[in-house]
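**Student:** There's a structure below that I have some questions on.
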Amino acid sequence: MWQCVLLWCVCVVALMYALCRWLIPAAVHRHGRLALLWHDVCVEPALDWLTHSSRPQRLLRAVQKGAVRGDARSVVANIDRFCHHSEWAMNIGDEKGAILDSVVSEVNPALALELGTYCGYSTVRIARLLPPGGRLITLEFNPEYAAVARQVIEWAGLEDSVQLVEGGSGDWIPQLKEHFGVQSFDFVFLDHWKERYLPDIHLLEECELLRKGTVVLADNVVCPGAPDYLAYVRNSPAYQSSYFQSHLEYTKAVDGLEKSVYLGTTDA
Ligand SMILES: C[S@@+](CC[C@H](N)C(=O)[O-])C[C@H]1O[C@@H](n2cnc3c(N)ncnc32)[C@H](O)[C@@H]1O
């Protein structure tokens, strides 16, 4: 009798493990919203509870364990390995990251702005491609994420070219000129909460932080999506916009990046 109960328990645990480890992740791999729901609402809190740590802390440990200090490429590669094989995270990821790299290399920005640092993955990708003397200002309003990002950026040896600002984009954008002596940005990467894309591009325009030729690249324009922002940059005569189709980070669900070149004010 007891042997039967034990066997039944072992089977249930094995089934649950297989479901959570392989079957559900495989099922949600091609469905962006389901993937976000599964990884953020189910897996992350469970792993936080089991490990008494947060996802950013686990990601940082993977960097400190596997990446070569001062080698930005190795930091990026280790985060990608962690996210493919251990735990999904909301970095831009390797596939869209390659598109980000090509746009940054093409623009070769002396001054860049990133909205939404998270753990510093895209920050490292951008900063490692800046020309000598180039500078990246990155904004993150979550103090825990900002603390992890600082350590990831330092591990990559890029602390001299990155200024991480802790605070919300709505508060900080109007202060960037005065606080950092900025004239305008050559490149802006939008990767914070999607409902802030449209108000913040308007704020960047109002504060005259965009110049003719500034390239604005926006992530996740399909998943989770930023329809109001897309409608604006695609229909405004102030922008020339193009879309790069790709996949949601570390999945096969469709997502994409929108590259918008600012053509200057259309006022008479
Ligand atoms: C998708 S993650 C950024 C991922 C990061 N760019 C990467 O690829 O590695 C979005 C981040 O933006 C931050 N965020 C959201 N809204 C923000 C705002 N208005 N100002 C500053 N940070 C914000 C969130 O806390 C989160 O860490």
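Note on naming: chains are A, B, ... as they come in the structure tokens, residues start from 1 per chain, ligands start from 1 in the order shown.
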Give as JSON, numbers by chain the residues surrounding ligand 1 up to a distance of 6 Å, considering only C-alpha atoms and all ligand atoms.
**Tutor:** {"A": [90, 91, 92, 115, 116, 117, 118, 119, 120, 121, 122, 139, 140, 141, 142, 167, 168, 169, 191, 192, 193]}
**Student:** Write the selection just made, keeping N, CA and C atoms, as a JSON list (two decimals), in the first residue's frame?
**Tutor:**
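See part_3.json below for the written result:
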[["chain", "number", "residue", "atom", "x", "y", "z"],
["A", 90, "MET", "N", 14.15, 39.72, -19.36],
["A", 90, "MET", "CA", 13.65, 40.68, -20.35],
["A", 90, "MET", "C", 14.73, 41.56, -20.98],
["A", 91, "ASN", "N", 15.95, 40.98, -21.19],
["A", 91, "ASN", "CA", 16.97, 41.71, -21.96],
["A", 91, "ASN", "C", 16.55, 41.70, -23.43],
["A", 92, "ILE", "N", 17.13, 42.58, -24.22],
["A", 92, "ILE", "CA", 16.80, 42.56, -25.66],
["A", 92, "ILE", "C", 17.17, 41.21, -26.28],
["A", 115, "LEU", "N", 16.59, 54.30, -22.43],
["A", 115, "LEU", "CA", 15.53, 54.35, -21.42],
["A", 115, "LEU", "C", 15.17, 52.91, -21.07],
["A", 116, "GLY", "N", 15.47, 52.50, -19.85],
["A", 116, "GLY", "CA", 15.21, 51.12, -19.41],
["A", 116, "GLY", "C", 16.48, 50.29, -19.42],
["A", 117, "THR", "N", 17.18, 50.28, -18.26],
["A", 117, "THR", "CA", 18.49, 49.59, -18.18],
["A", 117, "THR", "C", 18.32, 48.12, -17.83],
["A", 118, "TYR", "N", 17.38, 47.82, -16.94],
["A", 118, "TYR", "CA", 17.21, 46.51, -16.31],
["A", 118, "TYR", "C", 18.56, 46.05, -15.75],
["A", 119, "CYS", "N", 19.12, 44.93, -16.20],
["A", 119, "CYS", "CA", 20.38, 44.46, -15.62],
["A", 119, "CYS", "C", 21.61, 44.94, -16.39],
["A", 120, "GLY", "N", 21.41, 45.78, -17.36],
["A", 120, "GLY", "CA", 22.56, 46.36, -18.07],
["A", 120, "GLY", "C", 23.01, 45.59, -19.30],
["A", 121, "TYR", "N", 22.21, 44.61, -19.74],
["A", 121, "TYR", "CA", 22.61, 43.80, -20.90],
["A", 121, "TYR", "C", 22.75, 44.66, -22.16],
["A", 122, "SER", "N", 21.66, 45.39, -22.51],
["A", 122, "SER", "CA", 21.73, 46.22, -23.73],
["A", 122, "SER", "C", 22.69, 47.39, -23.53],
["A", 139, "LEU", "N", 18.80, 55.19, -18.18],
["A", 139, "LEU", "CA", 17.87, 55.50, -17.09],
["A", 139, "LEU", "C", 17.14, 54.24, -16.61],
["A", 140, "GLU", "N", 17.12, 54.05, -15.30],
["A", 140, "GLU", "CA", 16.40, 52.91, -14.72],
["A", 140, "GLU", "C", 15.74, 53.35, -13.42],
["A", 141, "PHE", "N", 14.44, 53.12, -13.29],
["A", 141, "PHE", "CA", 13.78, 53.60, -12.08],
["A", 141, "PHE", "C", 13.65, 52.57, -10.96],
["A", 142, "ASN", "N", 14.04, 51.33, -11.22],
["A", 142, "ASN", "CA", 13.98, 50.32, -10.16],
["A", 142, "ASN", "C", 15.37, 50.24, -9.49],
["A", 167, "GLY", "N", 16.14, 56.68, -11.76],
["A", 167, "GLY", "CA", 14.95, 57.52, -11.71],
["A", 167, "GLY", "C", 14.09, 57.30, -12.94],
["A", 168, "GLY", "N", 12.92, 57.92, -12.93],
["A", 168, "GLY", "CA", 11.96, 57.75, -14.01],
["A", 168, "GLY", "C", 12.25, 58.66, -15.20],
["A", 169, "SER", "N", 11.93, 58.15, -16.38],
["A", 169, "SER", "CA", 12.22, 58.92, -17.61],
["A", 169, "SER", "C", 11.48, 60.26, -17.62],
["A", 191, "ASP", "N", 13.51, 51.23, -24.41],
["A", 191, "ASP", "CA", 13.25, 49.85, -23.99],
["A", 191, "ASP", "C", 12.73, 49.83, -22.55],
["A", 192, "HIS", "N", 11.90, 50.84, -22.22],
["A", 192, "HIS", "CA", 11.32, 50.84, -20.88],
["A", 192, "HIS", "C", 9.86, 50.39, -21.01],
["A", 193, "TRP", "N", 8.98, 50.78, -20.09],
["A", 193, "TRP", "CA", 7.58, 50.32, -20.21],
["A", 193, "TRP", "C", 6.96, 50.94, -21.47]]
**Student:** From a backbone DSSP assignment, name each residue in range 157-208 of chain A labelled strand (DSSP E), as an MDAnalysis selection string.
**Tutor:** chainID A and resid 162:166 185:190
**Student:** Counting only C-alpha atoms, which residue out of A:His85, A:Ala253, A:Leu164, A:Glu208 sits closest to Thr123 in chain A?
**Tutor:**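 Among A:His85, A:Ala253, A:Leu164, A:Glu208, it is A:Leu164 that comes nearest to Thr123 in chain A.
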**Student:** If we count only C-alpha atoms and set the cut-off at 7 Å, which residues sit around range 196-203 of chain A, ignoring sequence neighbours fewer than 5 positions away in its own chain? Please answer as a list of chain:residue names.
**Tutor:**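 Counting only the stated atoms, we get A:Gly170, A:Leu190, A:Asp228, A:Tyr229.
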**Student:** If you count only C-alpha atoms, which residues fall within 12 Å of range 177-179 of chain A, apart from same-chain ones fewer than 2 positions away, as a VMD selection string?
**Tutor:** chain A and resid 137 163 165 172 to 175 181 to 185 204 207 to 210
**Student:** Would you write out those residues with C-alpha atoms, as a CSV table (one decimal), in the first residue's frame?
**Tutor:**
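The file below, result-v3.csv, is the result:
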chain,number,residue,atom,x,y,z
A,137,ILE,CA,23.4,57.7,-20.4
A,163,GLN,CA,26.3,57.0,-16.7
A,165,VAL,CA,20.8,57.4,-13.7
A,172,TRP,CA,14.8,62.9,-15.8
A,173,ILE,CA,14.4,63.7,-19.5
A,174,PRO,CA,13.7,67.4,-18.8
A,175,GLN,CA,16.8,67.5,-16.6
A,181,GLY,CA,25.5,69.2,-20.2
A,182,VAL,CA,23.8,67.4,-23.1
A,183,GLN,CA,23.0,69.3,-26.4
A,184,SER,CA,21.2,66.5,-28.2
A,185,PHE,CA,21.6,62.7,-28.6
A,204,LEU,CA,12.5,64.3,-26.0
A,207,CYS,CA,13.3,69.3,-24.6
A,208,GLU,CA,15.1,69.6,-27.9
A,209,LEU,CA,17.2,66.5,-27.2
A,210,LEU,CA,16.7,65.2,-30.7
**Student:** Write out as a PDB file with C-alpha atoms, in the first residue's frame the residues lying within 7 Å of Ile153 in chain A, counting only C-alpha atoms and excluding same-chain residues fewer than 4 positions away.
**Tutor:**
ATOM      1  CA  GLY A 120      22.562  46.357 -18.068  1.00  0.00           C
ATOM      2  CA  VAL A 124      26.863  46.721 -22.322  1.00  0.00           C
ATOM      3  CA  ALA A 149      23.236  46.863 -13.691  1.00  0.00           C
ATOM      4  CA  GLY A 157      34.819  47.266 -17.826  1.00  0.00           C
ATOM      5  CA  LEU A 158      32.520  49.938 -19.296  1.00  0.00           C
ATOM      6  CA  GLU A 159      31.885  52.144 -16.251  1.00  0.00           C
TER       7      GLU A 159
END
**Student:** Could you tell me how far CA of Lys252 in chain A sits from CA of Val12 in chain A, in Å to one decimal place?
**Tutor:**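 Value for the CA of Val12 in chain A-CA of Lys252 in chain A distance: 29.5 Å.
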**Student:** Name the residues in contact with range 256-263 of chain A at a cut-off of 9 Å, using only C-alpha atoms, excluding same-chain residues fewer than 4 positions from it; report them as JSON, numbers by chain.
**Tutor:** {"A": [96, 99, 100, 103, 210, 211, 212, 213, 214, 215, 216, 217, 218, 219, 220, 221, 222, 223, 230, 233, 234, 237, 238, 239, 240, 241, 242, 243, 244, 245, 246, 247, 248]}
**Student:** Please return, as an NGL selection string, all residues of range 142-254 of chain A that DSSP assigns to helix (DSSP H, G or I) on the basis of the backbone.
**Tutor:** :A and (143-155 or 169-180 or 194-206 or 221-225 or 227-235)
**Student:** Point out the residue among A:Ala226, A:Val76, A:Cys83, A:Val41 with the least atom-to-atom distance to Ala98 in chain A, counting only C-alpha atoms.
**Tutor:**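 Among the listed residues, A:Val76 lies closest to Ala98 in chain A.
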**Student:** Using only C-alpha atoms for the distances, tell me which of A:Leu7, A:Trp155, A:Leu19, A:His39 is nearest to Gly66 in chain A.
**Tutor:**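 Of the candidates, the smallest distance to Gly66 in chain A is held by A:Trp155.
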